[in-house]
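Undergrad: Input file: coords11.cif. Contents: mmCIF, C-alpha atoms.
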data_data
loop_
_atom_site.group_PDB
_atom_site.id
_atom_site.type_symbol
_atom_site.label_atom_id
_atom_site.label_comp_id
_atom_site.auth_asym_id
_atom_site.auth_seq_id
_atom_site.Cartn_x
_atom_site.Cartn_y
_atom_site.Cartn_z
ATOM 1 C CA LEU G 70 0.000 0.000 0.000
ATOM 2 C CA GLU G 71 2.810 2.404 0.828
ATOM 3 C CA LEU G 72 4.483 1.692 -2.544
ATOM 4 C CA ALA G 73 1.232 2.388 -4.376
ATOM 5 C CA LYS G 74 0.660 5.612 -2.443
ATOM 6 C CA ALA G 75 4.219 6.681 -3.313
ATOM 7 C CA GLY G 76 3.645 5.991 -7.016
ATOM 8 C CA ARG G 77 6.077 3.062 -7.082
ATOM 9 C CA ALA G 78 3.354 0.469 -7.764
ATOM 10 C CA ARG G 79 0.322 0.848 -10.006
ATOM 11 C CA ALA G 80 -1.860 -1.772 -8.341
ATOM 12 C CA ILE G 81 -2.068 -4.290 -5.531
ATOM 13 C CA VAL G 82 -3.326 -7.813 -6.120
ATOM 14 C CA ALA G 83 -5.179 -9.327 -3.183
ATOM 15 C CA CYS G 84 -6.280 -12.868 -2.542
ATOM 16 C CA PRO G 85 -9.865 -14.076 -2.607
ATOM 17 C CA HIS G 86 -11.294 -14.066 0.888
ATOM 18 C CA ASN G 87 -14.275 -15.000 2.991
ATOM 19 C CA GLU G 88 -15.408 -12.285 5.385
ATOM 20 C CA THR G 89 -16.851 -14.819 7.837
ATOM 21 C CA ALA G 90 -13.559 -16.728 8.050
ATOM 22 C CA VAL G 91 -11.488 -13.570 8.511
ATOM 23 C CA ASN G 92 -13.803 -12.326 11.256
ATOM 24 C CA ALA G 93 -13.749 -15.779 12.920
ATOM 25 C CA ALA G 94 -9.990 -15.283 13.263
ATOM 26 C CA GLY G 95 -10.700 -12.182 15.358
ATOM 27 C CA ILE G 96 -9.960 -9.650 12.615
ATOM 28 C CA VAL G 97 -12.691 -7.126 11.875
ATOM 29 C CA PHE G 98 -12.952 -7.214 8.082
ATOM 30 C CA SER G 99 -15.846 -6.502 5.727
ATOM 31 C CA GLY G 100 -13.912 -6.493 2.456
ATOM 32 C CA TYR G 101 -11.005 -4.867 0.676
ATOM 33 C CA PRO G 102 -12.696 -1.546 -0.210
ATOM 34 C CA GLU G 103 -13.391 -0.842 3.463
ATOM 35 C CA LEU G 104 -9.859 -1.960 4.410
ATOM 36 C CA ILE G 105 -8.263 0.280 1.761
ATOM 37 C CA ALA G 106 -10.498 3.195 2.796
ATOM 38 C CA GLY G 107 -9.396 2.846 6.399
ATOM 39 C CA LEU G 108 -5.705 2.512 5.577
ATOM 40 C CA THR G 109 -5.688 5.482 3.196
ATOM 41 C CA GLY G 110 -7.970 7.798 5.169
ATOM 42 C CA ASN G 111 -10.538 7.732 2.362
ATOM 43 C CA ALA G 112 -13.623 6.615 4.298
ATOM 44 C CA GLY G 113 -16.671 6.793 2.049
ATOM 45 C CA ARG G 114 -14.544 7.285 -1.082
ATOM 46 C CA VAL G 115 -13.342 3.756 -1.881
ATOM 47 C CA PHE G 116 -15.738 1.587 -3.837
ATOM 48 C CA LEU G 117 -15.866 -1.877 -5.354
ATOM 49 C CA MET G 118 -15.894 -2.278 -9.132
ATOM 50 C CA LEU G 119 -16.711 -5.767 -10.367
ATOM 51 C CA VAL G 120 -15.441 -6.510 -13.869
ATOM 52 C CA GLY G 121 -16.519 -9.529 -15.877
ATOM 53 C CA GLY G 122 -18.648 -10.787 -18.706
ATOM 54 C CA GLY G 123 -18.388 -7.446 -20.489
ATOM 55 C CA LEU G 124 -19.715 -5.555 -17.458
ATOM 56 C CA ARG G 125 -18.146 -3.072 -15.056
ATOM 57 C CA ILE G 126 -20.337 -2.368 -12.036
ATOM 58 C CA VAL G 127 -19.406 -0.037 -9.181
ATOM 59 C CA HIS G 128 -21.234 -0.392 -5.874
ATOM 60 C CA ALA G 129 -22.329 2.738 -3.990
ATOM 61 C CA THR G 130 -22.790 0.558 -0.878
ATOM 62 C CA LEU G 131 -21.505 -2.920 -0.238
ATOM 63 C CA HIS G 132 -21.403 -5.227 2.793
ATOM 64 C CA GLU G 133 -24.285 -4.103 4.950
ATOM 65 C CA ARG G 134 -27.870 -5.096 5.416
ATOM 66 C CA ILE G 135 -30.186 -3.615 2.806
ATOM 67 C CA HIS G 136 -31.955 -1.393 5.354
ATOM 68 C CA ASP G 137 -28.645 0.230 6.340
ATOM 69 C CA ALA G 138 -27.460 0.536 2.737
ATOM 70 C CA LEU G 139 -30.637 2.336 1.717
ATOM 71 C CA ALA G 140 -30.489 4.613 4.775
ATOM 72 C CA ARG G 141 -26.892 5.543 3.885
ATOM 73 C CA LEU G 142 -27.558 6.303 0.212
ATOM 74 C CA THR G 143 -27.347 10.005 -0.591
ATOM 75 C CA PRO G 144 -26.799 12.016 -3.764
ATOM 76 C CA ASP G 145 -23.246 12.692 -2.475
ATOM 77 C CA LEU G 146 -22.483 8.973 -2.111
ATOM 78 C CA VAL G 147 -23.867 8.090 -5.548
ATOM 79 C CA GLU G 148 -21.934 10.971 -7.105
ATOM 80 C CA ALA G 149 -18.723 9.869 -5.352
ATOM 81 C CA ALA G 150 -19.175 6.294 -6.647
ATOM 82 C CA ALA G 151 -19.672 7.578 -10.202
ATOM 83 C CA LEU G 152 -16.620 9.847 -9.957
ATOM 84 C CA ALA G 153 -14.530 6.919 -8.696
ATOM 85 C CA ALA G 154 -15.808 4.876 -11.654
ATOM 86 C CA ILE G 155 -14.743 7.610 -14.076
ATOM 87 C CA GLU G 156 -11.271 7.855 -12.500
ATOM 88 C CA ALA G 157 -10.864 4.056 -12.715
ATOM 89 C CA LEU G 158 -12.140 3.883 -16.297
ATOM 90 C CA LYS G 159 -9.680 6.550 -17.400
ATOM 91 C CA THR G 160 -6.885 4.609 -15.705
ATOM 92 C CA LEU G 161 -8.077 1.538 -17.620
ATOM 93 C CA GLY G 162 -7.886 3.456 -20.911
ATOM 94 C CA VAL G 163 -11.467 4.657 -21.437
ATOM 95 C CA ALA G 164 -10.937 8.269 -22.497
ATOM 96 C CA GLN G 165 -14.564 9.485 -22.372
ATOM 97 C CA PRO G 166 -16.412 7.241 -19.890
ATOM 98 C CA ARG G 167 -20.169 6.889 -20.025
ATOM 99 C CA ILE G 168 -21.828 6.000 -16.733
ATOM 100 C CA GLY G 169 -25.201 4.351 -16.146
ATOM 101 C CA LEU G 170 -26.949 4.796 -12.800
ATOM 102 C CA PHE G 171 -29.206 2.012 -11.559
ATOM 103 C CA GLY G 172 -32.377 3.168 -9.886
ATOM 104 C CA VAL G 173 -32.900 2.270 -6.253
ATOM 105 C CA ASN G 174 -36.446 1.055 -6.745
ATOM 106 C CA PRO G 175 -38.042 -1.023 -9.510
ATOM 107 C CA HIS G 176 -38.190 1.003 -12.724
ATOM 108 C CA ALA G 177 -36.260 3.761 -10.901
ATOM 109 C CA GLY G 178 -39.447 4.495 -8.972
ATOM 110 C CA GLU G 179 -41.556 5.447 -12.015
ATOM 111 C CA GLY G 180 -42.021 9.019 -10.859
ATOM 112 C CA GLY G 181 -42.930 8.066 -7.294
ATOM 113 C CA LEU G 182 -45.200 5.125 -8.116
ATOM 114 C CA PHE G 183 -42.714 2.746 -6.459
ATOM 115 C CA GLY G 184 -41.184 5.120 -3.913
ATOM 116 C CA ASP G 185 -39.485 8.499 -3.963
ATOM 117 C CA ASP G 186 -35.909 7.291 -3.345
ATOM 118 C CA ASP G 187 -34.826 7.888 -6.931
ATOM 119 C CA ASP G 188 -36.362 11.365 -6.983
ATOM 120 C CA ARG G 189 -34.478 12.183 -3.752
ATOM 121 C CA ILE G 190 -31.188 10.325 -4.311
ATOM 122 C CA THR G 191 -30.216 9.055 -7.759
ATOM 123 C CA ALA G 192 -31.847 11.731 -9.922
ATOM 124 C CA PRO G 193 -30.120 14.612 -8.054
ATOM 125 C CA ALA G 194 -26.789 12.734 -8.270
ATOM 126 C CA ALA G 195 -27.279 12.327 -12.036
ATOM 127 C CA ALA G 196 -28.092 16.027 -12.382
ATOM 128 C CA ARG G 197 -24.932 17.007 -10.503
ATOM 129 C CA LEU G 198 -22.817 14.679 -12.645
ATOM 130 C CA ARG G 199 -24.294 16.165 -15.826
ATOM 131 C CA ALA G 200 -23.560 19.656 -14.495
ATOM 132 C CA ARG G 201 -19.898 18.559 -14.241
ATOM 133 C CA GLY G 202 -20.002 17.575 -17.918
ATOM 134 C CA ILE G 203 -20.107 13.849 -17.244
ATOM 135 C CA ASP G 204 -21.943 11.599 -19.685
ATOM 136 C CA VAL G 205 -24.407 9.789 -17.427
ATOM 137 C CA GLU G 206 -27.604 7.866 -18.102
ATOM 138 C CA GLY G 207 -30.188 7.250 -15.437
ATOM 139 C CA PRO G 208 -31.422 6.571 -13.027
ATOM 140 C CA ILE G 209 -32.929 3.674 -14.944
ATOM 141 C CA GLY G 210 -34.050 0.295 -13.641
ATOM 142 C CA ALA G 211 -31.106 -2.100 -13.575
ATOM 143 C CA ASP G 212 -33.012 -4.687 -15.605
ATOM 144 C CA VAL G 213 -33.367 -2.222 -18.488
ATOM 145 C CA ILE G 214 -30.093 -0.292 -18.448
ATOM 146 C CA LEU G 215 -27.926 -3.423 -18.219
ATOM 147 C CA ALA G 216 -28.874 -4.230 -21.819
ATOM 148 C CA ARG G 217 -27.142 -1.048 -22.977
ATOM 149 C CA THR G 218 -23.837 -1.714 -24.720
ATOM 150 C CA ASP G 219 -22.877 1.970 -24.893
ATOM 151 C CA ILE G 220 -22.315 2.270 -21.130
ATOM 152 C CA ASP G 221 -18.735 1.872 -19.846
ATOM 153 C CA ALA G 222 -19.644 1.306 -16.195
ATOM 154 C CA PHE G 223 -22.800 1.101 -14.126
ATOM 155 C CA VAL G 224 -23.316 2.304 -10.554
ATOM 156 C CA ALA G 225 -25.329 -0.108 -8.410
ATOM 157 C CA MET G 226 -26.948 1.151 -5.239
ATOM 158 C CA TYR G 227 -26.444 -1.989 -3.116
ATOM 159 C CA HIS G 228 -24.498 -5.268 -3.045
ATOM 160 C CA ASP G 229 -26.764 -7.785 -4.786
ATOM 161 C CA GLN G 230 -27.947 -5.282 -7.398
ATOM 162 C CA GLY G 231 -24.371 -5.164 -8.681
ATOM 163 C CA HIS G 232 -23.101 -8.632 -7.863
ATOM 164 C CA ILE G 233 -25.880 -10.696 -9.431
ATOM 165 C CA PRO G 234 -25.457 -9.535 -13.052
ATOM 166 C CA VAL G 235 -21.651 -9.838 -13.041
ATOM 167 C CA LYS G 236 -21.606 -13.217 -11.340
ATOM 168 C CA LEU G 237 -24.394 -14.469 -13.584
ATOM 169 C CA VAL G 238 -22.521 -13.679 -16.807
ATOM 170 C CA ALA G 239 -18.913 -14.053 -15.606
ATOM 171 C CA GLY G 240 -19.095 -16.576 -12.789
ATOM 172 C CA ARG G 241 -15.765 -17.046 -11.081
ATOM 173 C CA THR G 242 -13.888 -15.271 -13.874
ATOM 174 C CA ALA G 243 -14.946 -11.837 -12.589
ATOM 175 C CA SER G 244 -12.399 -9.554 -10.949
ATOM 176 C CA ALA G 245 -12.930 -7.066 -8.162
ATOM 177 C CA LEU G 246 -11.187 -3.697 -8.061
ATOM 178 C CA SER G 247 -11.172 -1.317 -5.113
ATOM 179 C CA ILE G 248 -11.378 2.123 -6.687
ATOM 180 C CA GLY G 249 -11.431 5.714 -5.509
ATOM 181 C CA ALA G 250 -8.242 5.905 -3.451
ATOM 182 C CA GLY G 251 -6.218 7.219 -6.393
ATOM 183 C CA VAL G 252 -4.816 3.822 -7.352
ATOM 184 C CA LEU G 253 -6.443 0.513 -8.283
ATOM 185 C CA PHE G 254 -6.399 -2.281 -5.679
#
Hey, can you dump this file as structure tokens for me?

TA:
Amino acid sequence: LELAKAGRARAIVACPHNETAVNAAGIVFSGYPELIAGLTGNAGRVFLMLVGGGLRIVHATLHERIHDALARLTPDLVEAAALAAIEALKTLGVAQPRIGLFGVNPHAGEGGLFGDDDDRITAPAAARLRARGIDVEGPIGADVILARTDIDAFVAMYHDQGHIPVKLVAGRTASALSIGAGVLF
């Protein structure tokens, strides 16, 4: 980590892990993004990007119960996840990244029919990103926007929303990147 922070390494490769096993050993651990965030002083700014099967999906929240993840979602958090995605995509060679935001609720809420979370959280984040000149689509229901081939990375609002599509199409060939700390982990 120190070599990466000093610019002497471009990435760190970590081993697969099982959070339950690590915690059973007496080590508090909920995944590499949280570990990297703590070690770099970037709490709330390090995110997971799953890559596989032609998909890149960044998670705004990760290892927490759905109730807590939804309570923690804010326009700021969604915007930070999208900005981390853009930084990572540029590092990976995508010059003009296009981001797709998943809605929180089915059909991104359909104008309040299925809840106001998208009107309060994802839509304002999308508006702020557009104001920065970022090419962003959404919020759109994950089931619809995932069919888009012109999107370079998607931002999922919670763990399973992002994990299921990647693991379905890529299985165990997917890779996980911790992004947002200035280097890829």

Undergrad: Name the closest residue to Glu133 of chain G among the candidates G:Ser99, G:Ile81, G:Ile220, G:Gly184; distances are taken between atoms, counting all atoms listed in the file.

TA: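 Of all the options, G:Ser99 lies closest to Glu133 of chain G.
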
Undergrad: Using the chain letters and residue numbers of this document, give as JSON, numbers by chain the residues selected by the PyMOL selection byres ((chain G and resi 165) around 9).

TA: {"G": [155, 158, 159, 163, 164, 166, 167, 203, 204]}

Undergrad: If you count all atoms listed in the file, which residues fall within 12 Å of Leu246 of chain G, apart from same-chain ones fewer than 3 positions away, as a JSON list (two decimals) with C-alpha atoms, keeping the file's coordinate frame?

TA:
[["chain", "number", "residue", "atom", "x", "y", "z"],
["G", 80, "ALA", "CA", -1.86, -1.77, -8.34],
["G", 81, "ILE", "CA", -2.07, -4.29, -5.53],
["G", 82, "VAL", "CA", -3.33, -7.81, -6.12],
["G", 83, "ALA", "CA", -5.18, -9.33, -3.18],
["G", 84, "CYS", "CA", -6.28, -12.87, -2.54],
["G", 85, "PRO", "CA", -9.86, -14.08, -2.61],
["G", 100, "GLY", "CA", -13.91, -6.49, 2.46],
["G", 101, "TYR", "CA", -11.00, -4.87, 0.68],
["G", 102, "PRO", "CA", -12.70, -1.55, -0.21],
["G", 105, "ILE", "CA", -8.26, 0.28, 1.76],
["G", 115, "VAL", "CA", -13.34, 3.76, -1.88],
["G", 116, "PHE", "CA", -15.74, 1.59, -3.84],
["G", 117, "LEU", "CA", -15.87, -1.88, -5.35],
["G", 118, "MET", "CA", -15.89, -2.28, -9.13],
["G", 119, "LEU", "CA", -16.71, -5.77, -10.37],
["G", 120, "VAL", "CA", -15.44, -6.51, -13.87],
["G", 121, "GLY", "CA", -16.52, -9.53, -15.88],
["G", 125, "ARG", "CA", -18.15, -3.07, -15.06],
["G", 126, "ILE", "CA", -20.34, -2.37, -12.04],
["G", 127, "VAL", "CA", -19.41, -0.04, -9.18],
["G", 128, "HIS", "CA", -21.23, -0.39, -5.87],
["G", 153, "ALA", "CA", -14.53, 6.92, -8.70],
["G", 154, "ALA", "CA", -15.81, 4.88, -11.65],
["G", 157, "ALA", "CA", -10.86, 4.06, -12.72],
["G", 158, "LEU", "CA", -12.14, 3.88, -16.30],
["G", 161, "LEU", "CA", -8.08, 1.54, -17.62],
["G", 243, "ALA", "CA", -14.95, -11.84, -12.59],
["G", 249, "GLY", "CA", -11.43, 5.71, -5.51],
["G", 250, "ALA", "CA", -8.24, 5.90, -3.45],
["G", 252, "VAL", "CA", -4.82, 3.82, -7.35],
["G", 253, "LEU", "CA", -6.44, 0.51, -8.28],
["G", 254, "PHE", "CA", -6.40, -2.28, -5.68]]

Undergrad: Skip Gly172 of chain G itself and residues of its chain fewer than 6 positions away, then list as a ChimeraX atom specification all residues within 9 Å of it, counting all atoms listed in the file.

TA: /G:178,186-187,191-192,207-211,225-226

Undergrad: Keeping only C-alpha atoms, write the selected residues to a file as an mmCIF file, keeping the file's coordinate frame.

TA:
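Result file selection_13.cif:
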data_model
loop_
_atom_site.group_PDB
_atom_site.id
_atom_site.type_symbol
_atom_site.label_atom_id
_atom_site.label_comp_id
_atom_site.auth_asym_id
_atom_site.auth_seq_id
_atom_site.Cartn_x
_atom_site.Cartn_y
_atom_site.Cartn_z
ATOM 1 C CA GLY G 178 -39.447 4.495 -8.972
ATOM 2 C CA ASP G 186 -35.909 7.291 -3.345
ATOM 3 C CA ASP G 187 -34.826 7.888 -6.931
ATOM 4 C CA THR G 191 -30.216 9.055 -7.759
ATOM 5 C CA ALA G 192 -31.847 11.731 -9.922
ATOM 6 C CA GLY G 207 -30.188 7.250 -15.437
ATOM 7 C CA PRO G 208 -31.422 6.571 -13.027
ATOM 8 C CA ILE G 209 -32.929 3.674 -14.944
ATOM 9 C CA GLY G 210 -34.050 0.295 -13.641
ATOM 10 C CA ALA G 211 -31.106 -2.100 -13.575
ATOM 11 C CA ALA G 225 -25.329 -0.108 -8.410
ATOM 12 C CA MET G 226 -26.948 1.151 -5.239
#

Undergrad: Restricting the calculation to only C-alpha atoms: of G:Ile168, G:Ala90, G:Ala195, G:Ala149, which residue gets closest to Leu124 of chain G?

TA: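 Ranking G:Ile168, G:Ala90, G:Ala195, G:Ala149 by distance to Leu124 of chain G, first place goes to G:Ile168.
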